[in-house]
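Participant: Compact mmCIF, C-alpha atoms, saved as protein16.txt, coming up:
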# COMPACT_ATOMS: atom_id res chain seq x y z
CA MET A 1 1.42 -21.27 -32.50
CA SER A 2 -0.22 -24.70 -32.13
CA LYS A 3 -3.94 -24.94 -31.45
CA HIS A 4 -3.19 -26.72 -28.20
CA LEU A 5 -1.04 -23.85 -26.98
CA GLN A 6 -3.68 -21.33 -28.07
CA ARG A 7 -6.36 -23.27 -26.21
CA ASP A 8 -4.25 -23.42 -23.07
CA LEU A 9 -3.43 -19.71 -23.28
CA ASP A 10 -7.12 -18.90 -23.63
CA ASN A 11 -7.90 -21.00 -20.55
CA LEU A 12 -5.10 -19.31 -18.65
CA GLN A 13 -6.44 -15.88 -19.51
CA ARG A 14 -9.94 -16.90 -18.46
CA ASP A 15 -8.68 -18.11 -15.08
CA LEU A 16 -6.62 -14.96 -14.60
CA MET A 17 -9.61 -12.72 -15.31
CA ALA A 18 -11.76 -14.72 -12.88
CA LEU A 19 -9.12 -14.19 -10.20
CA ALA A 20 -8.99 -10.49 -11.05
CA ALA A 21 -12.77 -10.20 -10.63
CA SER A 22 -12.54 -11.79 -7.18
CA VAL A 23 -9.74 -9.46 -6.14
CA GLU A 24 -11.57 -6.38 -7.40
CA GLU A 25 -14.67 -7.43 -5.44
CA ALA A 26 -12.54 -7.89 -2.32
CA ILE A 27 -11.14 -4.37 -2.67
CA HIS A 28 -14.62 -2.87 -3.07
CA LYS A 29 -15.97 -4.77 -0.05
CA ALA A 30 -12.98 -3.85 2.10
CA ILE A 31 -13.33 -0.13 1.42
CA ARG A 32 -17.09 -0.25 1.89
CA SER A 33 -16.68 -2.01 5.21
CA LEU A 34 -14.27 0.75 6.22
CA GLN A 35 -16.56 3.58 5.18
CA ASP A 36 -19.79 2.06 6.56
CA ARG A 37 -18.28 0.40 9.64
CA GLU A 38 -19.61 -2.97 8.45
CA SER A 39 -17.64 -5.64 10.29
CA GLY A 40 -19.66 -8.42 8.63
CA LEU A 41 -18.59 -7.25 5.18
CA ALA A 42 -15.00 -7.03 6.35
CA ARG A 43 -15.14 -10.62 7.58
CA GLN A 44 -16.35 -11.73 4.14
CA VAL A 45 -13.16 -10.28 2.67
CA ILE A 46 -10.97 -12.02 5.24
CA GLU A 47 -12.74 -15.36 4.84
CA GLY A 48 -12.57 -15.16 1.05
CA ASP A 49 -8.80 -14.66 0.93
CA ASN A 50 -8.13 -18.38 1.22
CA LEU A 51 -10.01 -19.07 -2.03
CA ILE A 52 -8.01 -16.37 -3.79
CA ASP A 53 -4.78 -17.95 -2.53
CA GLN A 54 -5.89 -21.33 -3.87
CA GLU A 55 -6.69 -19.83 -7.27
CA GLU A 56 -3.31 -18.11 -7.37
CA ASN A 57 -1.63 -21.48 -6.76
CA HIS A 58 -3.71 -23.08 -9.52
CA ILE A 59 -2.78 -20.39 -12.06
CA GLU A 60 0.91 -20.61 -11.16
CA GLU A 61 0.82 -24.36 -11.69
CA GLU A 62 -0.88 -23.90 -15.08
CA CYS A 63 1.75 -21.37 -16.17
CA LEU A 64 4.55 -23.75 -15.24
CA LYS A 65 2.82 -26.59 -17.12
CA LEU A 66 2.57 -24.40 -20.23
CA LEU A 67 6.26 -23.58 -20.06
CA ALA A 68 7.21 -27.24 -19.66
CA LEU A 69 4.81 -28.76 -22.20
CA HIS A 70 4.92 -26.21 -25.01
CA GLN A 71 8.36 -24.61 -24.57
CA PRO A 72 7.03 -21.33 -26.00
CA VAL A 73 9.23 -18.63 -27.53
CA ALA A 74 8.97 -14.91 -28.33
CA ILE A 75 5.55 -13.32 -27.63
CA ASP A 76 4.05 -16.56 -26.26
CA LEU A 77 6.88 -16.92 -23.75
CA ARG A 78 6.50 -13.29 -22.69
CA ARG A 79 2.73 -13.73 -22.33
CA ILE A 80 3.07 -16.67 -19.94
CA THR A 81 5.83 -14.93 -17.99
CA VAL A 82 3.70 -11.81 -17.63
CA ALA A 83 0.68 -13.92 -16.62
CA LEU A 84 2.79 -15.40 -13.81
CA LYS A 85 3.73 -11.92 -12.63
CA ILE A 86 0.16 -10.59 -12.87
CA ASN A 87 -1.03 -13.60 -10.87
CA SER A 88 1.37 -12.66 -8.09
CA GLU A 89 0.39 -8.98 -8.19
CA LEU A 90 -3.31 -9.89 -7.87
CA GLU A 91 -2.66 -12.11 -4.86
CA ARG A 92 -0.80 -9.25 -3.17
CA MET A 93 -3.69 -6.91 -3.87
CA ALA A 94 -6.03 -9.41 -2.20
CA ASP A 95 -3.75 -9.50 0.85
CA LEU A 96 -3.90 -5.70 1.04
CA ALA A 97 -7.71 -5.80 0.78
CA GLU A 98 -7.66 -8.24 3.70
CA ASP A 99 -5.46 -5.81 5.64
CA ILE A 100 -7.94 -3.00 4.97
CA ALA A 101 -10.79 -5.24 6.16
CA GLU A 102 -8.90 -5.95 9.38
CA ARG A 103 -8.47 -2.20 9.93
CA ALA A 104 -12.20 -1.78 9.31
CA ILE A 105 -13.07 -4.30 12.02
CA HIS A 106 -10.71 -2.57 14.44
CA LEU A 107 -12.31 0.80 13.69
CA THR A 108 -15.78 -0.47 14.64
CA GLN A 109 -14.47 -0.86 18.19
CA LEU A 110 -13.15 2.71 18.42
CA THR A 111 -14.45 6.28 18.49
CA ARG A 112 -16.00 7.12 15.12
CA PHE A 113 -13.52 8.96 12.93
CA PRO A 114 -14.79 11.06 10.02
CA ILE A 115 -13.79 9.37 6.76
CA PRO A 116 -11.84 11.81 4.53
CA THR A 117 -13.95 12.75 1.52
CA LYS A 118 -11.01 12.16 -0.84
CA LEU A 119 -10.89 8.49 0.12
CA GLN A 120 -13.78 7.68 -2.25
CA ARG A 121 -11.99 9.40 -5.15
CA MET A 122 -8.80 7.51 -4.30
CA THR A 123 -10.75 4.23 -4.17
CA ASP A 124 -12.48 4.89 -7.51
CA LEU A 125 -9.18 5.77 -9.17
CA THR A 126 -7.37 2.77 -7.73
CA THR A 127 -10.04 0.25 -8.76
CA SER A 128 -10.14 1.85 -12.21
CA MET A 129 -6.38 1.36 -12.47
CA VAL A 130 -6.76 -2.30 -11.54
CA ARG A 131 -9.47 -2.82 -14.17
CA GLN A 132 -7.65 -0.91 -16.91
CA SER A 133 -4.34 -2.62 -16.24
CA LEU A 134 -6.05 -5.97 -16.83
CA ASP A 135 -7.87 -4.65 -19.89
CA SER A 136 -4.51 -3.60 -21.31
CA PHE A 137 -3.29 -7.18 -20.81
CA VAL A 138 -6.33 -8.75 -22.45
CA HIS A 139 -6.19 -6.41 -25.47
CA LEU A 140 -2.39 -6.12 -25.61
CA ASP A 141 -2.82 -2.35 -25.36
CA ALA A 142 0.49 -0.72 -24.40
CA ARG A 143 -0.96 2.78 -24.67
CA LEU A 144 -3.64 2.00 -22.08
CA ALA A 145 -0.99 0.39 -19.87
CA ARG A 146 1.10 3.56 -20.02
CA LEU A 147 -1.96 5.63 -19.10
CA VAL A 148 -2.47 3.53 -15.98
CA CYS A 149 1.15 4.12 -14.99
CA ARG A 150 0.60 7.88 -15.24
CA LEU A 151 -2.55 7.67 -13.06
CA ASP A 152 -0.46 6.44 -10.15
CA ASP A 153 0.81 9.98 -9.60
CA GLU A 154 -2.76 11.15 -8.89
CA VAL A 155 -3.30 8.32 -6.39
CA ASP A 156 -0.09 9.36 -4.65
CA ARG A 157 -1.31 12.97 -4.43
CA LEU A 158 -4.66 11.89 -2.97
CA ASN A 159 -2.87 9.65 -0.47
CA HIS A 160 -0.70 12.59 0.58
CA ASP A 161 -3.73 14.85 1.03
CA ILE A 162 -5.63 12.24 3.05
CA ILE A 163 -2.67 11.61 5.33
CA ASN A 164 -2.31 15.34 5.98
CA GLU A 165 -6.02 15.51 6.82
CA LEU A 166 -5.70 12.58 9.22
CA ILE A 167 -2.67 14.11 10.94
CA LYS A 168 -4.48 17.42 11.46
CA ALA A 169 -7.54 15.65 12.91
CA MET A 170 -5.36 13.67 15.32
CA GLN A 171 -3.52 16.81 16.39
CA ASP A 172 -6.81 18.61 17.05
CA SER A 173 -8.42 15.67 18.91
CA PRO A 174 -6.01 13.35 20.78
CA ASN A 175 -8.86 10.87 21.38
CA LEU A 176 -8.89 10.25 17.62
CA VAL A 177 -5.25 9.14 17.43
CA GLU A 178 -5.94 5.39 17.51
CA PRO A 179 -8.72 5.36 14.87
CA GLY A 180 -6.73 7.90 12.86
CA LEU A 181 -3.75 5.58 12.75
CA SER A 182 -5.96 2.71 11.58
CA LEU A 183 -7.32 4.88 8.76
CA PHE A 184 -3.77 5.97 7.95
CA SER A 185 -2.80 2.32 7.59
CA ALA A 186 -5.83 1.49 5.43
CA THR A 187 -5.11 4.41 3.11
CA ARG A 188 -1.53 3.26 2.73
CA HIS A 189 -2.74 -0.25 1.81
CA LEU A 190 -5.01 1.25 -0.87
CA GLU A 191 -2.09 3.23 -2.29
CA ARG A 192 -0.06 0.03 -2.49
CA ILE A 193 -2.88 -1.65 -4.46
CA ALA A 194 -2.48 1.15 -7.03
CA ASP A 195 1.26 0.40 -7.09
CA HIS A 196 0.52 -3.23 -7.96
CA ALA A 197 -1.81 -2.11 -10.78
CA THR A 198 1.07 0.01 -12.04
CA ASN A 199 3.36 -3.01 -11.93
CA ILE A 200 0.88 -4.98 -14.05
CA SER A 201 0.76 -2.17 -16.59
CA GLU A 202 4.54 -2.00 -16.78
CA ASP A 203 4.58 -5.74 -17.44
CA VAL A 204 2.05 -5.27 -20.24
CA VAL A 205 4.32 -2.72 -21.90
CA TYR A 206 7.08 -5.31 -21.74
CA LEU A 207 4.76 -7.97 -23.18
CA VAL A 208 3.69 -5.84 -26.13
CA GLU A 209 6.87 -3.88 -26.87
CA GLY A 210 9.62 -5.98 -25.33
CA GLU A 211 10.77 -2.95 -23.33
CA ILE A 212 11.36 -3.04 -19.58
CA VAL A 213 10.00 0.26 -18.20
CA ARG A 214 9.94 -0.50 -14.46
CA HIS A 215 11.98 2.01 -12.44
CA ARG A 216 12.24 4.25 -15.51
CA PRO A 217 9.57 6.97 -15.10
CA GLY A 218 10.26 8.63 -18.44
CA ALA A 219 9.76 5.35 -20.29
CA VAL A 220 6.01 5.28 -19.62
CA GLU A 221 5.28 8.64 -21.25
CA ILE A 222 2.51 8.44 -23.84
CA GLU A 223 3.41 9.59 -27.32
CA THR A 224 1.06 12.20 -28.77
Output the structure of this file as structure tokens.
Facilitator:
Amino acid sequence: MSKHLQRDLDNLQRDLMALAASVEEAIHKAIRSLQDRESGLARQVIEGDNLIDQEENHIEEECLKLLALHQPVAIDLRRITVALKINSELERMADLAEDIAERAIHLTQLTRFPIPTKLQRMTDLTTSMVRQSLDSFVHLDARLARLVCRLDDEVDRLNHDIINELIKAMQDSPNLVEPGLSLFSATRHLERIADHATNISEDVVYLVEGEIVRHRPGAVEIET
């Protein structure tokens, strides 16, 4: 690898990690605005989405420049390709954080609905998946990436439990149907963020091992 390519790859990774930090902050703010009924915090998430979109465009342009200028092969080609895909996954996560923030604003105008206690655990697990999926990319750690893929099952279980709790509350109190549906939607958006973290991890496995594991559940098992 030439030093110019290495320099450009290092810059690309720096930009990607900066975008990831912004997206992770947006997720945290969106969930906090939902839990604390903080419409001001939710608006920060919505207003900040434009900057995230601009950064996504910048990173995509840099990836395409690297492909054109350096014509990389093997691991370098896979790294740039995966960076392009991670960039897209992060932008989608930011959009979902914005959706959660919009639900949070709507909820401030409705009857207060008790936030399911498992939502905090689901949030912590999801944000951990986002962080670890990116760590696996930085350190080329396929084992960590596979672990993140396995954590998605736990997020799905928590999502299922929360939805059941919301349905029961709405059945018991019809006046809670509208806020309950907004919470239902927000929980679903959070679950989709975990799905995007899983997609990043699957791409990291491909980057490190050259194996496509998406849509093949058994392929992400961790060897003991």
Participant: For Gly48 in chain A, work out the shell of residues within 12 Å, counting all atoms listed in the file and skipping chain neighbours fewer than 5 positions away, then give it as a ChimeraX atom specification.
Facilitator: /A:19,22-23,25-27,29-30,41-43,53-55,91,94-95,97-98,101
Participant: As an exercise, work out the distance from CA of Glu178 in chain A to CA of Leu158 in chain A in Å and give it to one decimal place.
Facilitator: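 Result for CA of Glu178 in chain A versus CA of Leu158 in chain A: 21.5 Å, one decimal.
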Participant: Considering all atoms listed in the file, can you say which of A:Ala197, A:Leu34, A:Val205, A:Leu151 comes closest to Glu102 in chain A?
Facilitator: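 When distances to Glu102 in chain A are compared using all atoms listed in the file, the smallest one comes from A:Leu34.
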Participant: Let me make sure I understand: among A:Thr123, A:Ser128, A:Asn57, A:Asn87, which one has the smallest atom-to-atom distance to Ala186 in chain A if we use only C-alpha atoms?
Facilitator: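 Closest residue, counting only C-alpha atoms: A:Thr123.
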Participant: In Å to one decimal, how far is CA of Glu56 in chain A from CA of Arg37 in chain A?
Facilitator: 29.3 Å
Participant: Using all atoms listed in the file, which residues sit within 9 Å of range 8-18 of chain A once same-chain residues fewer than 3 positions away are excluded, as a PyMOL selection string?
Facilitator: chain A and resi 3-5+21-23+55-56+58-59+62-63+66+76+79-80+83+86-87+134+138
Participant: Which one of A:Glu209, A:Glu47, A:Glu24, A:Glu61 sits closest to Thr126 in chain A if you count all atoms listed in the file?
Facilitator: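 With all atoms listed in the file as the atom set, the closest residue is A:Glu24.
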Participant: Which of these, A:Val155, A:Ile167, A:Ala104, A:Leu140, has the shortest distance to Gly40 in chain A once you count only C-alpha atoms?
Facilitator: A:Ala104
Participant: Using the file's own x, y and z axes, what box holds all listed atoms of range 153-165 of chain A with 3 Å on each side, keeping edges along x, y and z, and what are its centre and edge lengths in Å to one decimal, as JSON?
Facilitator:
{"center_x": -2.6, "center_y": 11.9, "center_z": -1.4, "size_x": 12.8, "size_y": 13.2, "size_z": 22.4}
Participant: For each of A:Thr108, A:Asp135, A:Thr127, A:Asn199, take the minimum atom-to-atom distance to Cys149 in chain A, counting only C-alpha atoms, then give the residue where this is smallest.
Facilitator: A:Asn199
Participant: Between CA of Glu202 in chain A and CA of Leu147 in chain A, what is the distance in Å, rounded to a tenth?
Facilitator: 10.3 Å
Participant: Residues at most 9 Å from Ile163 in chain A, counting only C-alpha atoms, excluding those fewer than 2 positions away in the same chain, as a PyMOL selection string?
Facilitator: chain A and resi 158-161+165-168+183-184+187-188
Participant: Can you spit out the residues from that selection as an mmCIF file, in the frame of the given file, using C-alpha atoms?
Facilitator:
data_model
loop_
_atom_site.group_PDB
_atom_site.id
_atom_site.type_symbol
_atom_site.label_atom_id
_atom_site.label_comp_id
_atom_site.auth_asym_id
_atom_site.auth_seq_id
_atom_site.Cartn_x
_atom_site.Cartn_y
_atom_site.Cartn_z
ATOM 1 C CA LEU A 158 -4.660 11.890 -2.970
ATOM 2 C CA ASN A 159 -2.870 9.650 -0.470
ATOM 3 C CA HIS A 160 -0.700 12.590 0.580
ATOM 4 C CA ASP A 161 -3.730 14.850 1.030
ATOM 5 C CA GLU A 165 -6.020 15.510 6.820
ATOM 6 C CA LEU A 166 -5.700 12.580 9.220
ATOM 7 C CA ILE A 167 -2.670 14.110 10.940
ATOM 8 C CA LYS A 168 -4.480 17.420 11.460
ATOM 9 C CA LEU A 183 -7.320 4.880 8.760
ATOM 10 C CA PHE A 184 -3.770 5.970 7.950
ATOM 11 C CA THR A 187 -5.110 4.410 3.110
ATOM 12 C CA ARG A 188 -1.530 3.260 2.730
#
Participant: Of the candidates A:Met122, A:Val177, A:Leu190, A:Val82, which shows the shortest atom-to-atom distance to Asp203 in chain A, using all atoms listed in the file?
Facilitator: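 Closest to Asp203 in chain A of all the choices is A:Val82.
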Participant: Residues within 10 Å of Pro114 in chain A, please, as a list in words. Count all atoms listed in the file; anything in the same chain fewer than 5 positions from it doesn't count.
Facilitator: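 Once the nearby chain positions are removed, what remains is Gln35, Leu166, Ala169, Leu176, Pro179, Gly180 and Leu183 of chain A.
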Participant: What would the file look like if the residues just selected were written as a compact mmCIF listing (two decimals), in the coordinates of the input with C-alpha atoms?
Facilitator:
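Final file, result_0.txt:
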# COMPACT_ATOMS: atom_id res chain seq x y z
CA GLN A 35 -16.56 3.58 5.18
CA LEU A 166 -5.70 12.58 9.22
CA ALA A 169 -7.54 15.65 12.91
CA LEU A 176 -8.89 10.25 17.62
CA PRO A 179 -8.72 5.36 14.87
CA GLY A 180 -6.73 7.90 12.86
CA LEU A 183 -7.32 4.88 8.76
